[in-house]
Every structure is written in structure tokens, then in C-alpha cells.
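Colleague: So that we are looking at the same thing, I have put the structure below in C-alpha cells.
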Amino acid sequence: MSLADSRPHPDLTPLPFSVAFDGRDEEDLLNRWKKVLHSNRWSDGDQTREFEQLWGDVCGRDAIAFDNWSGGALAALDFIGVADETVLCPSNTFLATPRSAQKSGASVVYYDCNRTDLCGSAEDFIAKAERHRPKAAWIVHVGGHIAFDIDIITRYCRENGIWLLEDCAHAHGAEWNGRHAGSFGDLGVYSFYPTKTLSTGEGGMLVSANEDLIKHARSFRDYGRGSRYRIQGMNHRMHEFTAALGVVQTRRLADIVAWKNAYAREHLDPRFPNRVHMPDGMTSGYYKYIVFDPIERSTGKVYQEPCHRIFETNDELPNTDWIAANHWCVPIYYPEIQP
């Protein structure tokens, strides 16, 4: 698809927000929903299996669908066993990231981010890990790109026996030299909330190469079935109507990401030099287009307030505080394209 298909406004006046659904997929989606209606299986059926297969193919990992991001995160933390343990977490993230560890019985220690990419700082990560000896740690791919320090942090975690969880809620379609978000650490968890680059309304996906973790997650989302209920999960199943939308959206993901990258490169980059600059080999999913100068028509901040401020922990995280005050987001929405 070319940029001409998008009919961008020459003056960059932002289009109204719209969920990234391509009208050319409407007939396929409606046919799938009709099939579900007549299947007498409206939850955890063929559409879910197809969505999981497609998402796993994208990420190069096995995939398990959940009703939301939180379900996947809680399943992973339950498998790792973080109760009464320490979990590292960047403060520059949505509160769901640390709260998932807190709800799993862990103590959370926050680490700082980089000013270049808004993602976790390897320097502060290692310093906090040396001091607190965590069992697990979150790394968050903020704004749609992969954390620039992911390789350093991944290597440190492997050498020191720390479980590394990737929060991929923003990172649909993001890759670095051919590796997708969720394939660096031990697992990744995606969100399909309406504002995301790919949306199913609600929903989540856990990806991992760890077969035992995948088996645990499959049981966790369904009350512990398949484990004689030893796994103490609740209901986090994805229903078939959501999964059908996920199938259609995943098949369109490459087009959506290509459009966003082309629009950013040809229309936004020349206008906003003081921005997040992607390293060589990086493809961003462009959940957000992040700049470091105030702009008149901003869609706001990626996060309005860092977690160490929300939870009043009194941590000194200077880069995180600087980012909170000094970044803005330029609108970048996949346009509504009719059949």
C-alpha cells in the first residue's frame, strides 16, 4: 500500500482517532462471526486456535490468547513463582506492569529509563539487580519500538538466572534485525486494547519458547483445567468473536506497520528532528510517534505519570522524571480505507 492510499493532509492536521481496522477486511470478519454464531462454540474454539497460530508465526514463538494483557502477565508470573520475591520494573510504564507483580505477591523495585528511547536503562537495571537480586524483571517496549538496551539486559538476565518478561503491549509488528518483540527474553505479553496498532477491542497474547510455561498458561486461563486444578488460575479465556477479529487484524498487520513507517519517514521525520531516532535495523510498530519538543496538536503523553510517583516510593529516577515532563506524541493513525 502506498502513502497515496492514505490521503494524508498536507499540513499534517491530525485525523480523528480511529481504531486501525481496514474496511477491506469487513466481509471476511462478518463471515467469521457468522460461522461462530452457528458453531455453538463461542469461546476457546477454532478462531482462537487460528489467532494463536498466526500470532505465534509473527513472533516466532508459541502463543496463548487471553482475555487481556493482565491474564497473560499473571499466568507467566504464577509459573515463575514470584511470591515473596523481588521483581524489577521500569517506572516509565503503565501501572499494570508493576501491579501484575504486586498482585502475584512480589515486591517491586523500580529502575530508570533512557532519555533516547523512553525504555529501560541497562546501566540502572544492572545496578538495581546487583543490589536486590530479583527473581524476575520486566522490560517494557515503550511507544511501539523495541527497547534499545534489550540485548544487554537479556544477556545479563541469562547470565544471572533472572527471568526476563517483555511487556509488548505497544510493540505490535516491532522488530530489530528480524527479531520481533517478545522473542528476546523468556516471554512476552501483548495487549489488543482499542488504541493499539492492532486491536481486537480487548484481549492479550502471551508468547514464549518455553513449552512448560505455555502449558501452564493454557491451564491458568481456564481455571487450572488440564492440571487437575493444581494451577490456581481463573477465567481468562478469549471468546471466539474477539479471536476472529484478531485473525483478520493479524493478517493486515504488515500493511498497518508498513503504512505507519512510511508515513513517519516521509511526512513526520522531516518536521520533527528532535524525536526518538530508531537504530539501524529497527522497525517500530509506531503505537506512538514520540518527540521531545512541545507541539500544539499532541495526543498527550505515552504515560502521564511514572509509576514511582503514582505509588509514592521516593525513588530517585532522574531520566524517568525528565521524560515525563519533556515528551509529546504526534498523531499517527492508520487511515480508514474502504473496500
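Each chain of the C-alpha cells is named A, B, ... in the order shown, its residues numbered from 1; ligands are numbered from 1 in display order.
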Could you give me the residues within range 181-293 of chain A that DSSP places in strand (DSSP E or B), as a ChimeraX atom specification?
Modeller: /A:187-191,204-208,222,235,239,275,282-283,289-291
Colleague: Pick out the residues sitting within 10 Å of Pro194 in chain A, and hand them over as a list in words; count only C-alpha atoms, and ignore anything fewer than 3 positions along from it in its own chain.
Modeller: Ser18, Val19, Ala20, Ser191, Thr197, Leu198, Ser199, Thr200, Gly201, Glu202 and Gly203 of chain A
Colleague: Residues of the last selection are to be written out with all heavy atoms, as a CSV table (one decimal), in the first residue's frame.
Modeller:
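Everything below was put into result16.csv:
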chain,number,residue,atom,x,y,z
A,18,SER,N,-9.0,6.8,15.1
A,18,SER,CA,-9.8,5.7,14.7
A,18,SER,C,-9.0,4.4,15.0
A,18,SER,O,-7.8,4.4,14.9
A,18,SER,CB,-10.1,5.8,13.2
A,18,SER,OG,-8.9,5.7,12.4
A,19,VAL,N,-9.7,3.3,15.3
A,19,VAL,CA,-9.1,2.0,15.5
A,19,VAL,C,-8.6,1.6,14.2
A,19,VAL,O,-9.2,1.8,13.1
A,19,VAL,CB,-10.1,1.0,16.1
A,19,VAL,CG1,-9.5,-0.4,16.2
A,19,VAL,CG2,-10.6,1.5,17.5
A,20,ALA,N,-7.4,0.9,14.2
A,20,ALA,CA,-6.8,0.5,12.9
A,20,ALA,C,-7.4,-0.7,12.3
A,20,ALA,O,-6.9,-1.8,12.2
A,20,ALA,CB,-5.3,0.3,13.2
A,191,SER,N,-1.0,-6.7,24.3
A,191,SER,CA,-2.3,-6.1,24.6
A,191,SER,C,-3.0,-5.8,23.3
A,191,SER,O,-2.3,-5.3,22.4
A,191,SER,CB,-2.3,-4.9,25.5
A,191,SER,OG,-3.5,-4.2,25.5
A,197,THR,N,-1.7,-0.5,17.9
A,197,THR,CA,-1.5,-0.6,16.5
A,197,THR,C,-2.4,-1.7,15.9
A,197,THR,O,-2.9,-1.6,14.8
A,197,THR,CB,0.0,-0.9,16.2
A,197,THR,OG1,0.7,0.3,16.7
A,197,THR,CG2,0.2,-1.1,14.7
A,198,LEU,N,-2.6,-2.8,16.6
A,198,LEU,CA,-3.5,-3.8,16.3
A,198,LEU,C,-4.5,-4.0,17.4
A,198,LEU,O,-4.0,-4.2,18.6
A,198,LEU,CB,-2.8,-5.1,15.9
A,198,LEU,CG,-3.6,-6.3,15.4
A,198,LEU,CD1,-2.8,-7.2,14.6
A,198,LEU,CD2,-4.2,-7.1,16.6
A,199,SER,N,-5.8,-3.9,17.2
A,199,SER,CA,-6.8,-4.0,18.2
A,199,SER,C,-7.8,-5.1,18.0
A,199,SER,O,-8.2,-5.3,16.8
A,199,SER,CB,-7.5,-2.7,18.4
A,199,SER,OG,-8.5,-2.8,19.4
A,200,THR,N,-8.3,-5.7,19.0
A,200,THR,CA,-9.4,-6.6,19.0
A,200,THR,C,-10.5,-6.1,20.0
A,200,THR,O,-11.4,-6.8,20.3
A,200,THR,CB,-9.1,-8.0,19.3
A,200,THR,OG1,-8.5,-8.1,20.7
A,200,THR,CG2,-8.0,-8.6,18.4
A,201,GLY,N,-10.3,-4.8,20.4
A,201,GLY,CA,-11.2,-4.3,21.5
A,201,GLY,C,-10.7,-4.5,22.8
A,201,GLY,O,-10.3,-3.6,23.5
A,202,GLU,N,-10.6,-5.7,23.3
A,202,GLU,CA,-9.9,-6.2,24.4
A,202,GLU,C,-9.2,-7.5,24.0
A,202,GLU,O,-9.5,-8.1,23.0
A,202,GLU,CB,-10.8,-6.4,25.6
A,202,GLU,CG,-11.5,-5.2,26.2
A,202,GLU,CD,-10.5,-4.3,27.0
A,202,GLU,OE1,-9.4,-4.7,27.1
A,202,GLU,OE2,-11.0,-3.3,27.5
A,203,GLY,N,-8.2,-7.9,24.8
A,203,GLY,CA,-7.6,-9.2,24.5
A,203,GLY,C,-6.1,-9.1,24.8
A,203,GLY,O,-5.5,-8.0,24.9
Colleague: Give me the residues near Asp46 in chain A as a PDB file with C-alpha atoms, in the first residue's frame, where near means some atom within 10 Å (using only C-alpha atoms) and where sequence neighbours in that chain fewer than 3 positions away do not count.
Modeller:
ATOM      1  CA  VAL A  36     -19.026 -18.579  15.140  1.00  0.00           C
ATOM      2  CA  SER A  39     -20.859 -23.184  15.608  1.00  0.00           C
ATOM      3  CA  ARG A  41     -18.814 -22.814  20.387  1.00  0.00           C
ATOM      4  CA  TRP A  42     -18.402 -19.163  21.244  1.00  0.00           C
ATOM      5  CA  SER A  43     -15.292 -19.479  23.424  1.00  0.00           C
ATOM      6  CA  ARG A  49      -6.503 -21.558  17.664  1.00  0.00           C
ATOM      7  CA  GLU A  50      -6.047 -19.748  14.327  1.00  0.00           C
ATOM      8  CA  PHE A  51      -5.291 -16.427  16.023  1.00  0.00           C
ATOM      9  CA  GLU A  52      -2.718 -18.092  18.268  1.00  0.00           C
ATOM     10  CA  GLU A 240     -14.376 -16.538  19.531  1.00  0.00           C
ATOM     11  CA  ALA A 243     -10.367 -14.122  18.216  1.00  0.00           C
ATOM     12  CA  ALA A 244     -11.963 -13.833  14.756  1.00  0.00           C
TER      13      ALA A 244
END
Colleague: Do a neighbour search on His172 in chain A at 8 Å with only C-alpha atoms, toss out local chain neighbours closer than 6 positions, and write the hits as a short mmCIF file (atom, residue, chain, number, x, y, z; two decimals) with all heavy atoms, in the first residue's frame.
Modeller:
data_model
loop_
_atom_site.label_atom_id
_atom_site.label_comp_id
_atom_site.auth_asym_id
_atom_site.auth_seq_id
_atom_site.Cartn_x
_atom_site.Cartn_y
_atom_site.Cartn_z
N GLY A 144 6.06 1.51 20.85
CA GLY A 144 5.98 0.73 19.61
C GLY A 144 7.30 0.20 19.12
O GLY A 144 7.34 -0.68 18.26
N ALA A 181 9.48 -8.29 18.95
CA ALA A 181 9.23 -8.10 20.37
C ALA A 181 8.62 -9.37 20.95
O ALA A 181 7.76 -9.99 20.33
CB ALA A 181 8.30 -6.91 20.59
N TYR A 190 1.39 -9.32 25.04
CA TYR A 190 0.82 -8.28 24.19
C TYR A 190 -0.57 -7.88 24.68
O TYR A 190 -1.27 -8.67 25.32
CB TYR A 190 0.70 -8.77 22.75
CG TYR A 190 1.99 -8.82 21.98
CD1 TYR A 190 2.84 -9.93 22.08
CD2 TYR A 190 2.37 -7.79 21.14
CE1 TYR A 190 4.02 -9.99 21.37
CE2 TYR A 190 3.55 -7.84 20.42
CZ TYR A 190 4.38 -8.94 20.53
OH TYR A 190 5.55 -9.00 19.83
N LYS A 196 -4.29 0.43 20.43
CA LYS A 196 -3.04 -0.19 19.98
C LYS A 196 -2.96 -0.26 18.45
O LYS A 196 -3.96 -0.15 17.74
CB LYS A 196 -2.92 -1.60 20.58
CG LYS A 196 -2.92 -1.63 22.10
CD LYS A 196 -1.76 -0.83 22.69
CE LYS A 196 -1.57 -1.07 24.18
NZ LYS A 196 -2.63 -0.54 25.02
N THR A 197 -1.74 -0.49 17.95
CA THR A 197 -1.53 -0.60 16.50
C THR A 197 -2.40 -1.69 15.91
O THR A 197 -2.91 -1.56 14.80
CB THR A 197 -0.04 -0.87 16.21
OG1 THR A 197 0.72 0.26 16.65
CG2 THR A 197 0.21 -1.10 14.73
N LEU A 198 -2.58 -2.77 16.64
CA LEU A 198 -3.52 -3.82 16.26
C LEU A 198 -4.48 -4.01 17.43
O LEU A 198 -4.03 -4.20 18.55
CB LEU A 198 -2.79 -5.12 15.95
CG LEU A 198 -3.63 -6.30 15.44
CD1 LEU A 198 -2.78 -7.23 14.58
CD2 LEU A 198 -4.23 -7.11 16.61
N LEU A 253 -1.64 -6.85 9.69
CA LEU A 253 -0.63 -6.17 10.50
C LEU A 253 0.53 -5.63 9.68
O LEU A 253 0.96 -4.49 9.89
CB LEU A 253 -0.10 -7.12 11.58
CG LEU A 253 1.00 -6.55 12.50
CD1 LEU A 253 0.50 -5.35 13.27
CD2 LEU A 253 1.50 -7.64 13.45
N GLY A 285 6.50 -0.40 15.53
CA GLY A 285 5.08 -0.52 15.25
C GLY A 285 4.37 0.82 15.33
O GLY A 285 3.19 0.92 15.00
#
Colleague: Of the candidates A:Arg221, A:Arg237, A:Lys34, A:Lys288, which shows the shortest atom-to-atom distance to Val330 in chain A, using only C-alpha atoms?
Modeller: A:Lys288
Colleague: CA of Asp57 in chain A and CA of Leu95 in chain A, how far apart in Å?
Modeller: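 Computed distance, CA of Leu95 in chain A to CA of Asp57 in chain A, equals 29.3 Å.
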Colleague: Under the rule that only C-alpha atoms are counted, which of A:Phe125, A:Leu165, A:Tyr334, A:Cys59 is the nearest residue to Arg252 in chain A?
Modeller: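 Ranking A:Phe125, A:Leu165, A:Tyr334, A:Cys59 by distance to Arg252 in chain A, first place goes to A:Tyr334.
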Colleague: Find the residue from A:Ser298, A:Thr86, A:Asn68, A:Thr320 that sits nearest to Arg131 in chain A; use only C-alpha atoms when measuring.
Modeller: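 Under the stated criterion, the closest residue is A:Thr86.
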Colleague: Tell me, as number ranges by chain, which residues lie within 10 Å of Val142 in chain A, counting only C-alpha atoms; anything in the same chain fewer than 2 positions away does not count.
Modeller: A: 92-94, 117-120, 139-140, 144-147, 167-171, 286-288, 290, 302-303
Colleague: Select, from A:Ala324, A:Ile153, A:Ala73, A:Val248, the residue with the minimum atom-to-atom distance to Asp28 in chain A, counting only C-alpha atoms.
Modeller: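 Among the listed residues, the smallest separation from Asp28 in chain A belongs to A:Val248.
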Colleague: Taking 3 positions as the minimum chain separation for residues in the same chain, which residues sit within 7 Å of Asp112 in chain A when counting only C-alpha atoms? Answer as number ranges by chain.
Modeller: A: 90-91, 120-121, 124, 317, 319-320
Colleague: Tell me, in Å to one decimal, how far CA of Glu316 in chain A is from CA of Arg155 in chain A.
Modeller: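 That distance, rounded to one decimal, is 25.6 Å.
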